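Below is my_file23.cif, which holds mmCIF, C-alpha atoms and all ligand atoms.
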data_model
#
loop_
_atom_site.label_atom_id
_atom_site.label_comp_id
_atom_site.auth_asym_id
_atom_site.auth_seq_id
_atom_site.Cartn_x
_atom_site.Cartn_y
_atom_site.Cartn_z
CA MET A 1 -4.91 28.48 -48.31
CA ASN A 2 -8.70 28.28 -48.46
CA ARG A 3 -10.95 28.58 -45.45
CA THR A 4 -11.63 24.83 -45.08
CA THR A 5 -7.95 23.92 -45.25
CA PHE A 6 -7.21 26.59 -42.63
CA THR A 7 -9.94 25.32 -40.28
CA LEU A 8 -8.70 21.76 -40.68
CA LEU A 9 -5.12 22.77 -39.99
CA ALA A 10 -6.12 24.81 -36.95
CA ALA A 11 -8.24 21.95 -35.63
CA THR A 12 -5.38 19.48 -36.06
CA ALA A 13 -2.98 21.82 -34.26
CA ALA A 14 -5.48 22.42 -31.44
CA LEU A 15 -6.02 18.67 -31.06
CA ALA A 16 -2.29 18.05 -30.97
CA LEU A 17 -1.87 20.66 -28.25
CA GLY A 18 -4.82 19.32 -26.33
CA LEU A 19 -6.62 22.62 -26.74
CA TRP A 20 -9.68 21.32 -28.53
CA PRO A 21 -12.55 22.20 -26.19
CA LEU A 22 -14.09 18.72 -26.16
CA ARG A 23 -10.77 17.12 -25.49
CA ALA A 24 -9.98 19.56 -22.70
CA GLU A 25 -13.32 18.75 -21.06
CA GLU A 26 -12.68 15.05 -21.35
CA LYS A 27 -9.30 15.48 -19.73
CA ALA A 28 -10.66 17.57 -16.89
CA HIS A 29 -13.32 14.93 -16.27
CA LYS A 30 -10.75 12.16 -16.18
CA LEU A 31 -8.45 14.02 -13.83
CA THR A 32 -11.06 15.02 -11.28
CA THR A 33 -12.63 11.58 -10.87
CA VAL A 34 -10.63 9.23 -8.69
CA SER A 35 -12.41 6.17 -7.32
CA THR A 36 -11.78 5.06 -3.75
CA ARG A 37 -10.28 1.87 -5.18
CA LYS A 38 -7.85 3.84 -7.38
CA MET A 39 -6.95 5.99 -4.40
CA ALA A 40 -6.30 2.96 -2.17
CA ASP A 41 -4.30 1.25 -4.96
CA SER A 42 -2.17 4.37 -5.45
CA LEU A 43 -1.53 4.77 -1.73
CA HIS A 44 -0.56 1.12 -1.56
CA ALA A 45 1.86 1.53 -4.50
CA ILE A 46 3.72 4.23 -2.54
CA ILE A 47 3.70 2.32 0.76
CA ALA A 48 4.91 -0.90 -0.93
CA ALA A 49 7.67 0.93 -2.83
CA ASP A 50 8.88 2.64 0.36
CA GLN A 51 8.89 -0.63 2.30
CA GLN A 52 10.74 -2.40 -0.52
CA ALA A 53 13.33 0.39 -0.86
CA TYR A 54 13.91 0.37 2.90
CA ALA A 55 14.26 -3.44 3.06
CA GLU A 56 16.77 -3.41 0.19
CA PHE A 57 18.71 -0.54 1.74
CA VAL A 58 18.98 -2.26 5.12
CA ALA A 59 19.90 -5.59 3.49
CA LYS A 60 22.69 -3.93 1.46
CA THR A 61 24.18 -2.23 4.50
CA LYS A 62 24.19 -5.62 6.31
CA GLY A 63 22.74 -4.28 9.53
CA SER A 64 25.46 -1.69 10.05
CA PHE A 65 22.73 0.73 11.11
CA ALA A 66 21.58 -1.37 14.04
CA ALA A 67 19.84 1.58 15.68
CA LEU A 68 17.50 2.11 12.71
CA PRO A 69 13.80 1.46 13.38
CA SER A 70 12.35 -1.70 11.82
CA HIS A 71 10.35 -1.36 8.60
CA ALA A 72 7.20 -1.91 10.67
CA GLN A 73 8.04 0.93 13.08
CA LEU A 74 8.85 3.20 10.15
CA LEU A 75 5.49 2.47 8.52
CA ARG A 76 3.60 2.97 11.80
CA GLN A 77 5.35 6.25 12.59
CA ALA A 78 4.66 7.64 9.10
CA ALA A 79 1.02 6.49 9.27
CA GLN A 80 0.56 8.16 12.68
CA SER A 81 2.15 11.40 11.59
CA ILE A 82 -0.12 11.51 8.50
CA GLN A 83 -3.13 10.94 10.80
CA LYS A 84 -2.07 13.83 13.04
CA LYS A 85 -2.01 16.08 10.00
CA GLY A 86 -5.66 15.18 9.41
CA ALA A 87 -5.35 12.81 6.43
CA GLU A 88 -8.64 11.24 5.33
CA PHE A 89 -7.11 7.81 4.88
CA SER A 90 -5.13 5.40 7.00
CA TYR A 91 -2.94 2.35 6.53
CA THR A 92 -1.42 -0.36 8.65
CA LEU A 93 0.62 -3.58 8.49
CA ARG A 94 -1.13 -6.80 9.50
CA SER A 95 -0.43 -10.53 9.72
CA LEU A 96 -2.19 -13.68 10.93
CA THR A 97 1.08 -14.71 12.63
CA PRO A 98 2.65 -11.42 13.72
CA ILE A 99 5.88 -10.72 15.62
CA ASN A 100 4.08 -7.82 17.26
CA ALA A 101 0.68 -8.94 18.60
CA ASN A 102 -0.73 -5.48 17.82
CA ASN A 103 -0.23 -6.30 14.13
CA GLY A 104 -2.77 -9.13 14.26
CA PRO A 105 -6.16 -8.65 12.56
CA GLN A 106 -8.37 -6.20 14.46
CA THR A 107 -11.55 -6.25 12.40
CA GLU A 108 -13.51 -8.92 10.58
CA GLY A 109 -12.58 -7.24 7.30
CA GLU A 110 -8.87 -7.54 8.12
CA GLN A 111 -9.27 -11.18 9.13
CA LEU A 112 -11.11 -12.07 5.89
CA GLY A 113 -8.70 -9.96 3.82
CA LEU A 114 -5.60 -11.61 5.28
CA ALA A 115 -7.06 -15.07 4.58
CA ALA A 116 -8.04 -14.04 1.04
CA VAL A 117 -4.64 -12.59 0.02
CA ALA A 118 -2.86 -15.59 1.55
CA LYS A 119 -4.84 -17.78 -0.87
CA GLN A 120 -4.73 -15.44 -3.87
CA PRO A 121 -1.78 -13.11 -3.43
CA GLY A 122 -2.09 -11.65 -6.91
CA GLU A 123 -5.43 -10.05 -6.11
CA ALA A 124 -6.14 -7.35 -3.58
CA TYR A 125 -9.12 -7.91 -1.30
CA TYR A 126 -11.66 -5.07 -1.21
CA THR A 127 -14.49 -4.60 1.24
CA GLU A 128 -16.51 -1.97 3.08
CA GLU A 129 -16.49 -1.59 6.84
CA GLU A 130 -18.50 0.31 9.42
CA LEU A 131 -16.09 1.45 12.14
CA GLY A 132 -16.89 3.90 14.90
CA GLY A 133 -20.08 4.96 13.10
CA ARG A 134 -18.28 5.71 9.84
CA SER A 135 -18.17 3.78 6.55
CA TYR A 136 -14.83 2.89 5.05
CA PHE A 137 -13.57 1.39 1.83
CA THR A 138 -10.97 -1.13 2.99
CA ALA A 139 -8.31 -2.63 0.72
CA VAL A 140 -5.98 -5.46 1.74
CA TYR A 141 -2.77 -6.11 -0.25
CA ALA A 142 -0.46 -9.12 0.20
CA GLU A 143 3.00 -8.47 1.67
CA HIS A 144 5.46 -10.88 0.08
CA ALA A 145 8.86 -11.99 1.31
CA THR A 146 10.50 -10.29 -1.67
CA ILE A 147 14.07 -10.57 -0.42
CA SER A 148 15.80 -13.19 1.72
CA SER A 149 16.28 -10.82 4.65
CA CYS A 150 12.49 -10.74 5.19
CA VAL A 151 12.45 -14.42 6.11
CA GLU A 152 15.87 -14.43 7.83
CA CYS A 153 14.90 -11.62 10.18
CA HIS A 154 11.38 -12.92 10.91
CA ASN A 155 12.51 -16.54 11.42
CA GLN A 156 15.21 -15.43 13.87
CA HIS A 157 13.15 -12.86 15.75
CA PRO A 158 12.49 -13.97 19.37
CA GLY A 159 8.91 -12.66 19.18
CA SER A 160 8.01 -14.49 15.97
CA PRO A 161 5.36 -17.20 16.37
CA ARG A 162 6.46 -18.67 13.01
CA ARG A 163 9.96 -19.74 12.04
CA ASP A 164 9.45 -21.47 8.71
CA TRP A 165 8.96 -18.47 6.43
CA LYS A 166 10.31 -19.01 2.93
CA PRO A 167 11.18 -16.48 0.21
CA GLY A 168 8.05 -15.61 -1.77
CA ASP A 169 5.64 -16.38 1.10
CA VAL A 170 2.79 -14.00 1.85
CA MET A 171 3.87 -12.77 5.28
CA GLY A 172 0.90 -10.52 5.89
CA ALA A 173 -0.74 -7.53 4.30
CA VAL A 174 -0.92 -3.77 4.05
CA VAL A 175 -4.44 -2.55 4.88
CA VAL A 176 -5.50 0.81 3.41
CA ARG A 177 -8.74 2.57 4.48
CA VAL A 178 -10.48 5.44 2.75
CA PRO A 179 -13.64 6.89 4.35
CA LEU A 180 -16.78 6.67 2.20
CA GLU A 181 -18.49 9.64 3.88
CA PHE A 182 -16.99 12.98 4.77
C1 LIG B 201 15.63 -6.69 10.29
C2 LIG B 201 14.43 -7.40 10.59
C3 LIG B 201 13.25 -7.40 9.64
C4 LIG B 201 13.26 -7.48 8.28
C5 LIG B 201 14.45 -7.51 7.33
C6 LIG B 201 11.88 -7.52 7.87
N1 LIG B 201 11.05 -7.46 8.95
FE1 LIG B 201 9.03 -7.52 8.93
N2 LIG B 201 9.00 -7.06 10.90
C7 LIG B 201 10.10 -7.02 11.73
C8 LIG B 201 9.68 -6.68 13.07
C9 LIG B 201 10.60 -6.53 14.28
C10 LIG B 201 8.26 -6.52 13.01
C11 LIG B 201 7.31 -6.12 14.15
C12 LIG B 201 7.74 -4.82 14.74
C13 LIG B 201 6.70 -3.80 15.07
O1 LIG B 201 5.50 -3.94 14.80
O2 LIG B 201 7.13 -2.79 15.59
C14 LIG B 201 7.88 -6.79 11.63
C15 LIG B 201 6.57 -6.79 11.18
C16 LIG B 201 6.18 -7.26 9.95
C17 LIG B 201 4.81 -7.48 9.55
C18 LIG B 201 3.57 -7.22 10.41
C19 LIG B 201 3.24 -8.43 11.23
C20 LIG B 201 4.24 -8.74 12.33
O3 LIG B 201 4.98 -9.74 12.15
O4 LIG B 201 4.29 -8.03 13.36
C21 LIG B 201 4.84 -7.96 8.27
C22 LIG B 201 3.65 -8.36 7.43
C23 LIG B 201 6.21 -8.02 7.86
N3 LIG B 201 7.00 -7.59 8.91
C24 LIG B 201 6.66 -8.43 6.63
C25 LIG B 201 7.98 -8.28 6.20
C26 LIG B 201 8.41 -8.41 4.81
C27 LIG B 201 7.51 -8.80 3.66
C28 LIG B 201 9.75 -8.12 4.78
C29 LIG B 201 10.68 -8.02 3.60
C30 LIG B 201 10.28 -7.16 2.52
C31 LIG B 201 10.16 -7.86 6.16
N4 LIG B 201 9.06 -7.96 6.97
C32 LIG B 201 11.47 -7.60 6.56
C33 LIG B 201 11.39 -7.25 11.36
C34 LIG B 201 11.84 -7.37 10.06
#
Please re-express this file's structure in structure tokens.
Amino acid sequence: MNRTTFTLLAATAALALGLWPLRAEEKAHKLTTVSTRKMADSLHAIIAADQQAYAEFVAKTKGSFAALPSHAQLLRQAAQSIQKKGAEFSYTLRSLTPINANNGPQTEGEQLGLAAVAKQPGEAYYTEEELGGRSYFTAVYAEHATISSCVECHNQHPGSPRRDWKPGDVMGAVVVRVPLEF
């Protein structure tokens, strides 16, 4: 094997293993840069998956665990416990017609976001907010009635101001906030 062939072979092997210095640098760069939007989107993916899994689980067991907290309580409790541990992000469930009045919009950003995702559910609404002297990146994601129990439970709930929810409706939103200054 001549020297050139050897160098070529070694380079190919290094590339395949991801050991080529340039490639390694590129990778490191990609992994260390996460935009606030990516972060909010990723957090939302987890929150939405958990809420969906819980709703399906409860629907399958046909309410035989009556003492279980509602999906909204579960989300709130998890969000509060994350806050207590000092997380630099927060999330909450919101709606323009909530069962629990505390879940109504509490900032202008939330109000605009809820209206925006109700109109265009396929697109998240992104904005920046100034709250308590701190800047936040705020993302609002539509919450759909993905399974029939969403609308059945909400339409029957004594505290619900709305009783005509249909499967597929946007029932509200998950709001995720990431601070823009540390
Ligand atoms: C078994 C009953 C039940 C089911 C099923 C259920 N919810 Fe809820 N949901 C509630 C209750 C009760 C609250 C308010 C409770 C609270 O804040 O503690 C709530 C709150 C919400 C809120 C916040 C606004 C509000 O109404 O207070 C949204 C948005 C929401 N639910 C959407 C959904 C979606 C979407 C599904 C299905 C994937 C779903 N819910 C399934 C009972 C239910």
Q.
Could you list, as a PyMOL selection string, all protein and nucleic acid residues with an atom at most 9 Å from ligand LIG 201 (chain B), counting only C-alpha atoms and all ligand atoms?
A. chain A and resi 48+51-56+58-59+63+66+69-76+92-104+142-154+156-157+159-161+168-174
Q | Atom-to-atom span, CA of Ala87 in chain A and CA of Asp41 in chain A, Å | A | 16.3 Å
Q) What separation in Å, quoted to one decimal, exists between CA of Ser90 in chain A and CA of Ala40 in chain A? A) 9.6 Å
Q) So which residues touch Thr138 in chain A within 9 Å, counting all atoms listed in the file, skipping near sequence neighbours fewer than 6 positions away, as number ranges by chain? A) A: 37, 40, 109-110, 125-129, 175-179
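Note that CA of Ser35 in chain A and CA of Arg134 in chain A are 18.1 Å apart.
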Report, as AutoDock Vina command-line options, the axis-aligned box around all atoms of range 167-176 of chain A present in the file, extended by 3 Å on each side; give centre and edge lengths in Å to one decimal place.
--center_x 2.8 --center_y -7.8 --center_z 2.1 --size_x 22.7 --size_y 23.3 --size_z 13.7
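Of the residues under consideration (A:Leu112, A:Val117, A:Gln106, A:Ala79), A:Ala79 shows the shortest atom-to-atom contact distance to Ile47 in chain A when counting all atoms listed in the file.
In this comparison, which uses only C-alpha atoms, the residue of A:Trp165, A:Phe57, A:Tyr141, A:Phe89 approaching Glu181 in chain A most closely is A:Phe89.
Minimum atom-to-atom distances from A:Thr32, A:Val140, A:Ser42, A:Pro105 to Gln120 in chain A were compared using all atoms listed in the file, and the lowest value belongs to A:Val140.
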